[in-house]
>>> print(open('start04.csv').read())   # CSV, C-alpha atoms
chain,number,residue,atom,x,y,z
G,1,MET,CA,-43.3,-4.4,-66.2
G,2,ARG,CA,-46.2,-1.9,-66.3
G,3,TYR,CA,-45.8,1.6,-64.8
G,4,ASN,CA,-48.5,3.7,-63.3
G,5,SER,CA,-49.1,6.6,-65.6
G,6,ALA,CA,-49.2,8.9,-62.6
G,7,MET,CA,-45.7,7.9,-61.7
G,8,LYS,CA,-43.1,10.6,-62.2
G,9,LEU,CA,-40.4,10.0,-64.8
G,10,GLU,CA,-37.7,9.9,-62.1
G,11,GLU,CA,-39.6,7.2,-60.3
G,12,LYS,CA,-40.0,5.1,-63.4
G,13,ILE,CA,-36.3,5.5,-64.0
G,14,GLY,CA,-35.6,4.2,-60.5
G,15,LYS,CA,-37.8,1.2,-61.0
G,16,ILE,CA,-36.3,0.2,-64.3
G,17,LEU,CA,-32.7,0.7,-63.1
G,18,LYS,CA,-33.3,-1.3,-60.0
G,19,GLU,CA,-35.1,-4.1,-61.9
G,20,LYS,CA,-32.2,-4.3,-64.4
G,21,LYS,CA,-29.5,-3.8,-61.8
G,22,LEU,CA,-28.0,-0.9,-63.7
G,23,THR,CA,-26.1,2.1,-62.3
G,24,LEU,CA,-26.4,5.6,-63.6
G,25,ALA,CA,-24.1,8.6,-63.9
G,26,LEU,CA,-24.8,12.1,-65.3
G,27,ALA,CA,-22.7,14.8,-66.9
G,28,GLU,CA,-24.7,18.1,-66.8
G,29,SER,CA,-23.8,21.4,-68.3
G,30,CYS,CA,-26.8,23.8,-69.0
G,31,THR,CA,-29.1,22.1,-66.5
G,32,GLY,CA,-26.5,22.7,-63.8
G,33,GLY,CA,-27.6,19.9,-61.4
G,34,LEU,CA,-31.3,19.9,-62.1
G,35,VAL,CA,-31.4,16.4,-63.6
G,36,SER,CA,-29.3,15.0,-60.7
G,37,LYS,CA,-31.6,16.8,-58.3
G,38,LYS,CA,-34.7,15.2,-59.9
G,39,ILE,CA,-33.1,11.7,-59.9
G,40,THR,CA,-32.2,12.1,-56.2
G,41,ASP,CA,-35.7,13.4,-55.3
G,42,ILE,CA,-36.5,9.7,-55.1
G,43,SER,CA,-35.7,8.0,-51.8
G,44,GLY,CA,-33.5,5.0,-52.4
G,45,SER,CA,-31.9,6.5,-55.5
G,46,SER,CA,-28.5,5.7,-54.0
G,47,ASP,CA,-29.2,2.1,-55.1
G,48,TYR,CA,-28.6,3.0,-58.8
G,49,PHE,CA,-27.4,6.6,-59.0
G,50,LEU,CA,-23.7,6.9,-58.2
G,51,GLY,CA,-23.2,10.6,-59.0
G,52,SER,CA,-22.6,13.4,-61.5
G,53,VAL,CA,-20.2,15.8,-62.9
G,54,ILE,CA,-21.7,19.2,-63.2
G,55,ALA,CA,-19.3,20.5,-65.9
G,56,TYR,CA,-20.6,24.1,-66.2
G,57,SER,CA,-17.3,25.4,-67.5
G,58,ASN,CA,-15.4,24.0,-70.5
G,59,LYS,CA,-12.4,23.7,-68.2
G,60,ILE,CA,-14.2,21.0,-66.3
G,61,LYS,CA,-15.4,19.3,-69.4
G,62,VAL,CA,-11.8,19.0,-70.4
G,63,ALA,CA,-10.2,18.3,-67.0
G,64,LEU,CA,-12.7,15.9,-65.5
G,65,LEU,CA,-14.7,14.4,-68.4
G,66,LYS,CA,-11.7,14.3,-70.8
G,67,VAL,CA,-13.5,16.1,-73.6
G,68,SER,CA,-10.7,16.9,-76.1
G,69,PRO,CA,-9.9,20.6,-76.4
G,70,LYS,CA,-9.6,20.1,-80.2
G,71,LEU,CA,-13.1,18.5,-80.3
G,72,LEU,CA,-14.5,21.4,-78.2
G,73,LYS,CA,-12.8,24.0,-80.4
G,74,LYS,CA,-14.0,22.4,-83.6
G,75,ASN,CA,-17.6,21.7,-82.6
G,76,GLY,CA,-18.3,24.0,-79.7
G,77,ALA,CA,-19.5,23.1,-76.2
G,78,VAL,CA,-23.1,22.8,-77.5
G,79,SER,CA,-22.8,20.1,-80.1
G,80,PRO,CA,-23.6,16.4,-80.5
G,81,GLU,CA,-19.9,15.6,-80.5
G,82,THR,CA,-19.4,17.3,-77.1
G,83,ALA,CA,-22.5,15.7,-75.6
G,84,LYS,CA,-21.2,12.3,-76.6
G,85,ALA,CA,-17.8,13.0,-75.3
G,86,MET,CA,-19.2,14.1,-72.0
G,87,ALA,CA,-21.3,11.0,-71.6
G,88,CYS,CA,-18.3,8.9,-72.5
G,89,GLY,CA,-16.2,10.7,-69.9
G,90,ALA,CA,-18.8,10.4,-67.2
G,91,LYS,CA,-19.2,6.7,-67.9
G,92,ARG,CA,-15.5,6.1,-67.7
G,93,LEU,CA,-14.9,8.3,-64.7
G,94,LEU,CA,-17.8,7.1,-62.5
G,95,LYS,CA,-17.7,3.5,-63.8
G,96,THR,CA,-21.4,3.1,-64.3
G,97,ASP,CA,-23.5,0.9,-66.6
G,98,VAL,CA,-25.3,4.0,-68.1
G,99,ALA,CA,-24.2,7.6,-68.5
G,100,VAL,CA,-26.2,10.5,-69.8
G,101,SER,CA,-25.1,14.0,-70.6
G,102,ILE,CA,-26.6,17.3,-71.6
G,103,THR,CA,-25.1,20.4,-73.0
G,104,GLY,CA,-27.1,23.4,-74.3
G,105,ILE,CA,-27.9,27.1,-74.0
G,106,ALA,CA,-30.5,27.9,-71.4
G,107,GLY,CA,-30.3,31.6,-72.0
G,108,PRO,CA,-31.1,34.5,-71.9
G,109,ALA,CA,-27.4,35.1,-73.0
G,110,GLY,CA,-25.1,32.8,-74.9
G,111,GLY,CA,-27.2,32.2,-78.0
G,112,SER,CA,-26.2,32.8,-81.6
G,113,LYS,CA,-27.8,32.4,-85.0
G,114,GLU,CA,-26.4,28.9,-85.5
G,115,LYS,CA,-26.9,27.9,-81.9
G,116,PRO,CA,-29.8,29.7,-80.4
G,117,VAL,CA,-31.0,29.9,-76.8
G,118,GLY,CA,-33.1,26.8,-76.1
G,119,LEU,CA,-30.9,24.4,-78.1
G,120,ALA,CA,-29.4,21.4,-76.3
G,121,TYR,CA,-27.9,18.0,-77.1
G,122,ILE,CA,-28.5,14.9,-74.9
G,123,ALA,CA,-26.2,11.9,-75.1
G,124,PHE,CA,-27.1,8.4,-73.8
G,125,LEU,CA,-24.4,5.8,-73.4
G,126,SER,CA,-24.7,2.2,-72.1
G,127,GLY,CA,-22.9,-1.0,-72.9
G,128,LYS,CA,-25.5,-1.7,-75.6
G,129,ARG,CA,-26.5,1.7,-76.9
G,130,SER,CA,-25.1,5.1,-77.9
G,131,LYS,CA,-27.4,7.9,-78.9
G,132,VAL,CA,-27.5,11.6,-79.2
G,133,GLU,CA,-30.7,13.7,-79.4
G,134,LYS,CA,-31.2,17.3,-80.3
G,135,VAL,CA,-33.9,19.3,-78.4
G,136,PHE,CA,-35.0,22.9,-78.9
G,137,PHE,CA,-37.4,25.0,-76.7
G,138,LYS,CA,-38.4,28.6,-76.9
G,139,GLY,CA,-38.8,29.7,-73.3
G,140,THR,CA,-37.3,31.6,-70.5
G,141,ARG,CA,-34.1,30.3,-68.8
G,142,ARG,CA,-36.1,28.7,-66.1
G,143,ARG,CA,-38.5,27.0,-68.4
G,144,ASN,CA,-35.8,25.9,-70.8
G,145,ARG,CA,-33.9,24.3,-68.0
G,146,GLU,CA,-36.9,22.5,-66.7
G,147,LYS,CA,-37.8,21.2,-70.1
G,148,PHE,CA,-34.2,20.2,-70.8
G,149,ALA,CA,-34.2,18.2,-67.6
G,150,ILE,CA,-37.5,16.4,-68.4
G,151,GLU,CA,-36.1,15.6,-71.9
G,152,VAL,CA,-33.0,14.0,-70.2
G,153,LEU,CA,-35.3,11.8,-68.1
G,154,ARG,CA,-37.3,10.9,-71.2
G,155,VAL,CA,-34.2,9.9,-73.1
G,156,ILE,CA,-33.1,7.7,-70.1
G,157,ILE,CA,-36.4,5.9,-70.0
G,158,GLU,CA,-36.5,5.3,-73.7
G,159,ASN,CA,-33.1,3.9,-73.8
G,160,ILE,CA,-32.4,1.9,-70.7
H,1,MET,CA,-21.5,46.7,-51.1
H,2,ARG,CA,-25.1,46.7,-50.1
H,3,TYR,CA,-27.5,44.0,-51.2
H,4,ASN,CA,-31.2,44.4,-51.9
H,5,SER,CA,-32.9,42.4,-49.2
H,6,ALA,CA,-35.3,41.0,-51.8
H,7,MET,CA,-32.3,39.6,-53.6
H,8,LYS,CA,-32.1,35.8,-53.6
H,9,LEU,CA,-29.2,34.2,-51.8
H,10,GLU,CA,-27.9,32.7,-55.1
H,11,GLU,CA,-28.0,36.2,-56.6
H,12,LYS,CA,-26.1,37.7,-53.7
H,13,ILE,CA,-23.5,34.9,-54.0
H,14,GLY,CA,-23.1,35.7,-57.7
H,15,LYS,CA,-22.6,39.4,-57.0
H,16,ILE,CA,-20.0,38.8,-54.3
H,17,LEU,CA,-18.0,36.2,-56.2
H,18,LYS,CA,-17.9,38.5,-59.3
H,19,GLU,CA,-16.9,41.5,-57.3
H,20,LYS,CA,-14.1,39.5,-55.6
H,21,LYS,CA,-13.2,37.6,-58.8
H,22,LEU,CA,-13.5,34.3,-57.1
H,23,THR,CA,-14.5,30.9,-58.6
H,24,LEU,CA,-16.6,28.3,-56.9
H,25,ALA,CA,-16.9,24.6,-56.9
H,26,LEU,CA,-19.3,22.3,-55.0
H,27,ALA,CA,-19.3,18.8,-53.8
H,28,GLU,CA,-22.8,17.6,-53.0
H,29,SER,CA,-24.0,14.4,-51.5
H,30,CYS,CA,-27.5,14.5,-49.8
H,31,THR,CA,-28.7,17.5,-51.8
H,32,GLY,CA,-27.9,15.6,-55.0
H,33,GLY,CA,-27.4,18.7,-57.3
H,34,LEU,CA,-30.0,21.0,-55.7
H,35,VAL,CA,-27.3,23.6,-54.6
H,36,SER,CA,-25.7,23.6,-58.0
H,37,LYS,CA,-29.1,24.0,-59.6
H,38,LYS,CA,-29.8,27.0,-57.5
H,39,ILE,CA,-26.4,28.6,-58.2
H,40,THR,CA,-26.9,28.1,-61.9
H,41,ASP,CA,-30.5,29.5,-61.8
H,42,ILE,CA,-28.6,32.8,-62.1
H,43,SER,CA,-27.8,33.8,-65.7
H,44,GLY,CA,-24.1,34.6,-65.9
H,45,SER,CA,-23.2,32.2,-63.2
H,46,SER,CA,-20.6,30.6,-65.6
H,47,ASP,CA,-18.5,33.7,-64.7
H,48,TYR,CA,-17.8,32.3,-61.2
H,49,PHE,CA,-19.2,28.8,-61.0
H,50,LEU,CA,-17.0,26.1,-62.6
H,51,GLY,CA,-18.8,23.0,-61.6
H,52,SER,CA,-19.6,20.3,-59.1
H,53,VAL,CA,-19.1,16.7,-58.2
H,54,ILE,CA,-22.3,15.1,-57.1
H,55,ALA,CA,-20.8,12.4,-55.0
H,56,TYR,CA,-24.0,10.5,-54.1
H,57,SER,CA,-22.2,7.2,-53.5
H,58,ASN,CA,-19.2,6.7,-51.2
H,59,LYS,CA,-17.4,5.2,-54.2
H,60,ILE,CA,-17.5,8.6,-55.9
H,61,LYS,CA,-16.4,10.4,-52.7
H,62,VAL,CA,-13.3,8.2,-52.7
H,63,ALA,CA,-12.6,7.9,-56.5
H,64,LEU,CA,-13.2,11.5,-57.5
H,65,LEU,CA,-12.9,13.6,-54.3
H,66,LYS,CA,-10.1,11.5,-52.9
H,67,VAL,CA,-11.8,11.1,-49.5
H,68,SER,CA,-9.8,8.5,-47.7
H,69,PRO,CA,-11.6,5.1,-47.3
H,70,LYS,CA,-10.1,5.0,-43.8
H,71,LEU,CA,-11.5,8.4,-42.9
H,72,LEU,CA,-14.9,7.3,-44.3
H,73,LYS,CA,-14.9,4.1,-42.3
H,74,LYS,CA,-13.8,5.7,-39.1
H,75,ASN,CA,-16.2,8.8,-39.2
H,76,GLY,CA,-18.9,7.7,-41.6
H,77,ALA,CA,-20.1,9.5,-44.8
H,78,VAL,CA,-22.1,12.0,-42.7
H,79,SER,CA,-19.4,13.6,-40.5
H,80,PRO,CA,-17.5,16.9,-40.3
H,81,GLU,CA,-14.4,15.0,-41.3
H,82,THR,CA,-16.0,13.7,-44.5
H,83,ALA,CA,-17.5,17.1,-45.3
H,84,LYS,CA,-14.1,18.7,-45.0
H,85,ALA,CA,-12.4,16.1,-47.1
H,86,MET,CA,-15.1,16.5,-49.8
H,87,ALA,CA,-14.6,20.3,-50.0
H,88,CYS,CA,-10.8,19.7,-50.1
H,89,GLY,CA,-11.2,17.2,-52.9
H,90,ALA,CA,-13.5,19.5,-54.9
H,91,LYS,CA,-11.2,22.5,-54.5
H,92,ARG,CA,-8.2,20.4,-55.7
H,93,LEU,CA,-10.0,18.7,-58.5
H,94,LEU,CA,-11.8,21.7,-59.9
H,95,LYS,CA,-9.1,24.2,-59.1
H,96,THR,CA,-11.3,26.9,-57.7
H,97,ASP,CA,-10.8,29.7,-55.1
H,98,VAL,CA,-13.7,28.5,-53.0
H,99,ALA,CA,-15.1,25.0,-52.6
H,100,VAL,CA,-18.2,24.0,-50.5
H,101,SER,CA,-19.5,20.6,-49.7
H,102,ILE,CA,-22.5,19.0,-48.0
H,103,THR,CA,-23.1,15.5,-46.7
H,104,GLY,CA,-26.1,14.5,-44.7
H,105,ILE,CA,-29.2,12.3,-44.4
H,106,ALA,CA,-32.3,13.7,-46.2
H,107,GLY,CA,-34.5,10.7,-45.3
H,108,PRO,CA,-36.9,9.1,-44.9
H,109,ALA,CA,-34.4,6.1,-44.8
H,110,GLY,CA,-30.7,6.1,-43.7
H,111,GLY,CA,-31.0,7.6,-40.2
H,112,SER,CA,-29.8,6.2,-37.0
H,113,LYS,CA,-29.8,7.2,-33.3
H,114,GLU,CA,-26.4,8.8,-33.6
H,115,LYS,CA,-27.0,10.3,-37.0
H,116,PRO,CA,-30.7,11.0,-37.5
H,117,VAL,CA,-32.6,12.0,-40.6
H,118,GLY,CA,-32.2,15.7,-41.1
H,119,LEU,CA,-28.6,15.9,-40.0
H,120,ALA,CA,-26.0,17.4,-42.4
H,121,TYR,CA,-22.5,18.8,-42.3
H,122,ILE,CA,-21.4,21.7,-44.6
H,123,ALA,CA,-17.8,22.5,-45.2
H,124,PHE,CA,-16.4,25.7,-46.6
H,125,LEU,CA,-12.9,26.0,-47.9
H,126,SER,CA,-11.1,29.0,-49.4
H,127,GLY,CA,-7.4,30.1,-49.4
H,128,LYS,CA,-8.2,32.1,-46.3
H,129,ARG,CA,-10.8,30.1,-44.4
H,130,SER,CA,-11.8,26.5,-43.5
H,131,LYS,CA,-15.0,25.9,-41.7
H,132,VAL,CA,-17.5,23.1,-41.0
H,133,GLU,CA,-21.0,23.6,-39.8
H,134,LYS,CA,-23.6,21.1,-38.5
H,135,VAL,CA,-27.2,21.6,-39.4
H,136,PHE,CA,-30.3,19.7,-38.4
H,137,PHE,CA,-33.9,19.8,-39.6
H,138,LYS,CA,-37.0,17.8,-38.8
H,139,GLY,CA,-38.8,17.6,-42.1
H,140,THR,CA,-39.7,15.4,-45.0
H,141,ARG,CA,-37.0,14.4,-47.5
H,142,ARG,CA,-38.1,17.2,-49.8
H,143,ARG,CA,-38.1,19.9,-47.1
H,144,ASN,CA,-34.8,18.7,-45.6
H,145,ARG,CA,-33.1,18.9,-49.0
H,146,GLU,CA,-34.5,22.4,-49.7
H,147,LYS,CA,-33.4,23.6,-46.2
H,148,PHE,CA,-30.0,21.9,-46.6
H,149,ALA,CA,-29.5,23.7,-49.9
H,150,ILE,CA,-30.4,27.1,-48.4
H,151,GLU,CA,-28.0,26.5,-45.5
H,152,VAL,CA,-25.2,25.8,-48.0
H,153,LEU,CA,-26.0,29.2,-49.7
H,154,ARG,CA,-26.0,30.9,-46.3
H,155,VAL,CA,-22.6,29.4,-45.4
H,156,ILE,CA,-21.2,30.5,-48.7
H,157,ILE,CA,-22.4,34.1,-48.2
H,158,GLU,CA,-21.1,34.3,-44.7
H,159,ASN,CA,-17.7,33.1,-45.5
H,160,ILE,CA,-16.7,34.5,-48.9
>>> encode(input="start04.csv", output="structure tokens")
Amino acid sequence: MRYNSAMKLEEKIGKILKEKKLTLALAESCTGGLVSKKITDISGSSDYFLGSVIAYSNKIKVALLKVSPKLLKKNGAVSPETAKAMACGAKRLLKTDVAVSITGIAGPAGGSKEKPVGLAYIAFLSGKRSKVEKVFFKGTRRRNREKFAIEVLRVIIENI
Amino acid sequence: MRYNSAMKLEEKIGKILKEKKLTLALAESCTGGLVSKKITDISGSSDYFLGSVIAYSNKIKVALLKVSPKLLKKNGAVSPETAKAMACGAKRLLKTDVAVSITGIAGPAGGSKEKPVGLAYIAFLSGKRSKVEKVFFKGTRRRNREKFAIEVLRVIIENI
């Protein structure tokens, strides 16, 4: 299938998911709902998007997404391991074909030398594929979140 | 406490919740994450915002928020009863002091004579207060969602 290059990423995702009859769930931390908002900007997104867990606090990552407290303590909330565990938890909880997660530091607070503001991990999980990507941006909170969300959409498109 | 009138609603909410040491959870349907996004636009929102369930499909309303299938069938997904059950489910699941939900029809599809596009119900639930409000807008999908989200913020401010 060819996609109009003027088509928004969230529209492309909708077309592909519908075509492949796949359902999607999200687990968002640093983007706080922005990715889900973009996905549901598209009318008819209820055909493939079931829902999300916005796990802004670690408590919710553990309680809802079943991220192990040990794993969280060892690797930190912003790590490939936590991203993967979040996607895994969302896929199991929402019973979808595809689940994607993001965990990162939007800033301006919360950064460290090892894990600076602008760092995020995005995990993709489907029956066929499991992948984690690292992204890094140097922007304001607002710009970082916007860029994080766009990266999540890109990861979805590249892997579904 | 006095609030600067130039202060955004989401900033005011942050100030009040911090001051009162209250935690917040959301359950969003038609806004699809937009309210959570606005709440987390504020740096430091992790002090009071634990997370959300974006229950875009009825399956998720039932499975995660424990909205009864009977109640859903009887009243429909867009009803004061479902809004209340969603807030109740979010409060129990995320263990917060305050939970707020919204369910509605953003459009352009999904409307009917009884439940037209632009209709939404917002439920507020805290230890002290339980309230459901009906809102109605005549706009595009995008404008309806933006207005729905602002109404949710207003309901939070008026009731916390």
>>> interface_residues(input="start04.csv", of="chain G", to="chain H", cutoff="6 Å", atoms="all atoms listed in the file", output="PyMOL selection string")
chain G and resi 32-34+36-37+40+50-57
>>> write_last_selection(input="start04.csv", atoms="C-alpha atoms", output="short mmCIF file (atom, residue, chain, number, x, y, z; two decimals), in the coordinates of the input")
data_model
loop_
_atom_site.label_atom_id
_atom_site.label_comp_id
_atom_site.auth_asym_id
_atom_site.auth_seq_id
_atom_site.Cartn_x
_atom_site.Cartn_y
_atom_site.Cartn_z
CA GLY G 32 -26.50 22.70 -63.80
CA GLY G 33 -27.60 19.90 -61.40
CA LEU G 34 -31.30 19.90 -62.10
CA SER G 36 -29.30 15.00 -60.70
CA LYS G 37 -31.60 16.80 -58.30
CA THR G 40 -32.20 12.10 -56.20
CA LEU G 50 -23.70 6.90 -58.20
CA GLY G 51 -23.20 10.60 -59.00
CA SER G 52 -22.60 13.40 -61.50
CA VAL G 53 -20.20 15.80 -62.90
CA ILE G 54 -21.70 19.20 -63.20
CA ALA G 55 -19.30 20.50 -65.90
CA TYR G 56 -20.60 24.10 -66.20
CA SER G 57 -17.30 25.40 -67.50
#
>>> atom_distance(input="start04.csv", atom1="CA of Lys138 in chain H", atom2="CA of Ser79 in chain H")
18.2 Å
>>> residues_around(input="start04.csv", residues="Asn159 in chain G", least_positions_apart="6", cutoff="9 Å", atoms="all atoms listed in the file", output="list in words")
Phe124, Leu125, Ser126, Arg129 and Lys131 of chain G
>>> axis_aligned_box(input="start04.csv", around="range 11-21 of chain H", padding_each_side="4 Å", output="JSON")
{"center_x": -20.6, "center_y": 38.2, "center_z": -56.5, "size_x": 22.8, "size_y": 14.6, "size_z": 13.6}
>>> closest_residue(input="start04.csv", among="G:Ser5, G:Ser68, G:Ser101, G:Asn144", to="Ile156 in chain G", atoms="all atoms listed in the file")
G:Ser101
>>> atom_distance(input="start04.csv", atom1="CA of Glu146 in chain G", atom2="CA of Ala120 in chain G")
12.2 Å
>>> atom_distance(input="start04.csv", atom1="CA of Val117 in chain G", atom2="CA of Ile105 in chain G")
5.0 Å
>>> residues_around(input="start04.csv", residues="Gly76 in chain G", least_positions_apart="5", cutoff="12 Å", atoms="all atoms listed in the file", output="list in words")
Asn58, Lys61, Val67, Ser68, Pro69, Lys70, Leu71, Glu81, Thr82, Ala83, Ala85, Thr103, Gly104, Ile105, Ser112, Glu114, Lys115, Ala120 and Tyr121 of chain G
>>> closest_residue(input="start04.csv", among="G:Val98, G:Phe137, G:Lys15, G:Gly111", to="Val155 in chain G", atoms="only C-alpha atoms")
G:Val98
>>> build_atoms(input="start04.csv", residues="range 1-22 of chain H", atoms="N, CA and C atoms", output="PDB file, keeping the file's coordinate frame")
ATOM      1  N   MET H   1     -20.359  46.774 -50.128  1.00  0.00           N
ATOM      2  CA  MET H   1     -21.500  46.700 -51.100  1.00  0.00           C
ATOM      3  C   MET H   1     -22.770  46.387 -50.320  1.00  0.00           C
ATOM      4  N   ARG H   2     -23.862  47.033 -50.722  1.00  0.00           N
ATOM      5  CA  ARG H   2     -25.100  46.700 -50.100  1.00  0.00           C
ATOM      6  C   ARG H   2     -25.952  45.824 -51.025  1.00  0.00           C
ATOM      7  N   TYR H   3     -26.688  44.932 -50.435  1.00  0.00           N
ATOM      8  CA  TYR H   3     -27.500  44.000 -51.200  1.00  0.00           C
ATOM      9  C   TYR H   3     -28.963  44.264 -50.933  1.00  0.00           C
ATOM     10  N   ASN H   4     -29.714  44.244 -51.984  1.00  0.00           N
ATOM     11  CA  ASN H   4     -31.200  44.400 -51.900  1.00  0.00           C
ATOM     12  C   ASN H   4     -31.653  43.168 -51.035  1.00  0.00           C
ATOM     13  N   SER H   5     -32.458  43.449 -50.030  1.00  0.00           N
ATOM     14  CA  SER H   5     -32.900  42.400 -49.200  1.00  0.00           C
ATOM     15  C   SER H   5     -33.849  41.403 -49.887  1.00  0.00           C
ATOM     16  N   ALA H   6     -34.415  41.876 -51.005  1.00  0.00           N
ATOM     17  CA  ALA H   6     -35.300  41.000 -51.800  1.00  0.00           C
ATOM     18  C   ALA H   6     -34.501  40.094 -52.702  1.00  0.00           C
ATOM     19  N   MET H   7     -33.185  40.339 -52.743  1.00  0.00           N
ATOM     20  CA  MET H   7     -32.300  39.600 -53.600  1.00  0.00           C
ATOM     21  C   MET H   7     -32.219  38.118 -53.088  1.00  0.00           C
ATOM     22  N   LYS H   8     -32.289  37.172 -53.989  1.00  0.00           N
ATOM     23  CA  LYS H   8     -32.100  35.800 -53.600  1.00  0.00           C
ATOM     24  C   LYS H   8     -30.714  35.494 -53.140  1.00  0.00           C
ATOM     25  N   LEU H   9     -30.552  34.507 -52.276  1.00  0.00           N
ATOM     26  CA  LEU H   9     -29.200  34.200 -51.800  1.00  0.00           C
ATOM     27  C   LEU H   9     -28.264  33.844 -52.948  1.00  0.00           C
ATOM     28  N   GLU H  10     -28.760  33.117 -53.948  1.00  0.00           N
ATOM     29  CA  GLU H  10     -27.900  32.700 -55.100  1.00  0.00           C
ATOM     30  C   GLU H  10     -27.477  33.938 -55.907  1.00  0.00           C
ATOM     31  N   GLU H  11     -28.321  34.958 -55.920  1.00  0.00           N
ATOM     32  CA  GLU H  11     -28.000  36.200 -56.600  1.00  0.00           C
ATOM     33  C   GLU H  11     -26.881  36.958 -55.858  1.00  0.00           C
ATOM     34  N   LYS H  12     -27.056  37.001 -54.534  1.00  0.00           N
ATOM     35  CA  LYS H  12     -26.100  37.700 -53.700  1.00  0.00           C
ATOM     36  C   LYS H  12     -24.695  37.007 -53.851  1.00  0.00           C
ATOM     37  N   ILE H  13     -24.712  35.670 -53.841  1.00  0.00           N
ATOM     38  CA  ILE H  13     -23.500  34.900 -54.000  1.00  0.00           C
ATOM     39  C   ILE H  13     -22.803  35.302 -55.329  1.00  0.00           C
ATOM     40  N   GLY H  14     -23.602  35.368 -56.380  1.00  0.00           N
ATOM     41  CA  GLY H  14     -23.100  35.700 -57.700  1.00  0.00           C
ATOM     42  C   GLY H  14     -22.427  37.120 -57.660  1.00  0.00           C
ATOM     43  N   LYS H  15     -23.101  38.072 -57.043  1.00  0.00           N
ATOM     44  CA  LYS H  15     -22.600  39.400 -57.000  1.00  0.00           C
ATOM     45  C   LYS H  15     -21.250  39.490 -56.231  1.00  0.00           C
ATOM     46  N   ILE H  16     -21.207  38.808 -55.097  1.00  0.00           N
ATOM     47  CA  ILE H  16     -20.000  38.800 -54.300  1.00  0.00           C
ATOM     48  C   ILE H  16     -18.830  38.141 -54.992  1.00  0.00           C
ATOM     49  N   LEU H  17     -19.103  36.975 -55.558  1.00  0.00           N
ATOM     50  CA  LEU H  17     -18.000  36.200 -56.200  1.00  0.00           C
ATOM     51  C   LEU H  17     -17.478  37.025 -57.420  1.00  0.00           C
ATOM     52  N   LYS H  18     -18.386  37.647 -58.175  1.00  0.00           N
ATOM     53  CA  LYS H  18     -17.900  38.500 -59.300  1.00  0.00           C
ATOM     54  C   LYS H  18     -17.082  39.623 -58.869  1.00  0.00           C
ATOM     55  N   GLU H  19     -17.575  40.291 -57.840  1.00  0.00           N
ATOM     56  CA  GLU H  19     -16.900  41.500 -57.300  1.00  0.00           C
ATOM     57  C   GLU H  19     -15.487  41.090 -56.793  1.00  0.00           C
ATOM     58  N   LYS H  20     -15.394  39.950 -56.141  1.00  0.00           N
ATOM     59  CA  LYS H  20     -14.100  39.500 -55.600  1.00  0.00           C
ATOM     60  C   LYS H  20     -13.292  38.667 -56.547  1.00  0.00           C
ATOM     61  N   LYS H  21     -13.857  38.482 -57.742  1.00  0.00           N
ATOM     62  CA  LYS H  21     -13.200  37.600 -58.800  1.00  0.00           C
ATOM     63  C   LYS H  21     -12.789  36.281 -58.225  1.00  0.00           C
ATOM     64  N   LEU H  22     -13.753  35.617 -57.615  1.00  0.00           N
ATOM     65  CA  LEU H  22     -13.500  34.300 -57.100  1.00  0.00           C
ATOM     66  C   LEU H  22     -14.309  33.245 -57.826  1.00  0.00           C
TER      67      LEU H  22
END
